[in-house]
Amino acid sequence: MHVVVGGAFNGKRKWVKEHYRLQSGACKWFCGYVKKTKVSEIYETEHFQKITVIEGIEQYIFHLIDQSSDWQKKWEKMIFSWHEWEVKKRGTVIIIANDMTKGVVPIDPLERKWRDACGSCLQQLIAKAGRVDMIWYGISERLK
């Protein structure tokens, strides 16, 4: 897996498209910012293609914690299935995430839980990832 993380509107999507030389229709692109996109679409790898991009993973995490008391188990199963899918040489999973850890801690309890969950989930994801890049202002820094 390849995790691309950075601040909001810092060029992560553009960087992924340029780095992988992606043309329209050349990959499966899931976007957590589109309201009709559901967690179930990324839960199983049956919808994946040779290159699969999951953008806005923090939005999927929000839906997981909001809809399920056992969200951590579901998250772990998702990471496992993505990793296994890659290990079997089916393709590459690229996860794009906004770094939410450098901002003001929210007052709303659900938003605080979400922020904390994103930090934990990204740690688990990055531990499994083969490559991690941070993008700030369109400039990449390879972390792993």
# chains A, B, ... in the order shown; residues from 1 in each chain; ligands from 1

$ closest_atom_pairs --of "stretch 85-117 of chain A" --to "stretch 19-43 of chain A" --cutoff "10 Å" --atoms "only C-alpha atoms" --output "JSON lines"
{"residue": "A:Thr92", "atom": "CA", "partner": "A:Cys27", "partner_atom": "CA", "distance": 9.9}
{"residue": "A:Val93", "atom": "CA", "partner": "A:Lys28", "partner_atom": "CA", "distance": 9.7}
{"residue": "A:Ile94", "atom": "CA", "partner": "A:Trp29", "partner_atom": "CA", "distance": 9.4}
{"residue": "A:Ile95", "atom": "CA", "partner": "A:Phe30", "partner_atom": "CA", "distance": 9.6}
{"residue": "A:Ile96", "atom": "CA", "partner": "A:Cys31", "partner_atom": "CA", "distance": 9.3}
{"residue": "A:Ala97", "atom": "CA", "partner": "A:Gly32", "partner_atom": "CA", "distance": 10.0}

$ select_by_dssp --residues "stretch 24-141 of chain A" --states "alpha helix (DSSP H)" --output "PyMOL selection string"
chain A and resi 39-43+57-67+71-87+109-128

$ select_by_dssp --residues "chain A" --states "strand (DSSP E or B)" --output "PyMOL selection string"
chain A and resi 2-6+28-31+51-55+92-98+131-136+139-142

$ closest_residue --among "A:Val5, A:Val132, A:Ile79, A:Ala127" --to "A:Thr101" --atoms "only C-alpha atoms"
A:Val5

$ closest_residue --among "A:Glu86, A:Ala117, A:Val104, A:Glu55" --to "A:Gly130" --atoms "only C-alpha atoms"
A:Glu86

$ atom_distance --atom1 "atom CA of A:Lys12" --atom2 "atom CA of A:Gln59"
15.6 Å

$ residues_around --residues "A:Gly7" --least-positions-apart "3" --cutoff "6 Å" --atoms "only C-alpha atoms" --output "list in words"
Asn10, Asn98 and Asp99 of chain A

$ write_last_selection --atoms "N, CA and C atoms" --output "CSV table (one decimal), in the first residue's frame"
chain,number,residue,atom,x,y,z
A,10,ASN,N,-3.4,20.6,-0.3
A,10,ASN,CA,-2.0,20.8,-0.5
A,10,ASN,C,-1.5,20.1,-1.7
A,98,ASN,N,-6.1,13.3,4.7
A,98,ASN,CA,-5.8,14.6,5.2
A,98,ASN,C,-5.2,14.5,6.6
A,99,ASP,N,-4.2,15.2,6.9
A,99,ASP,CA,-3.6,15.2,8.3
A,99,ASP,C,-4.5,16.2,9.1
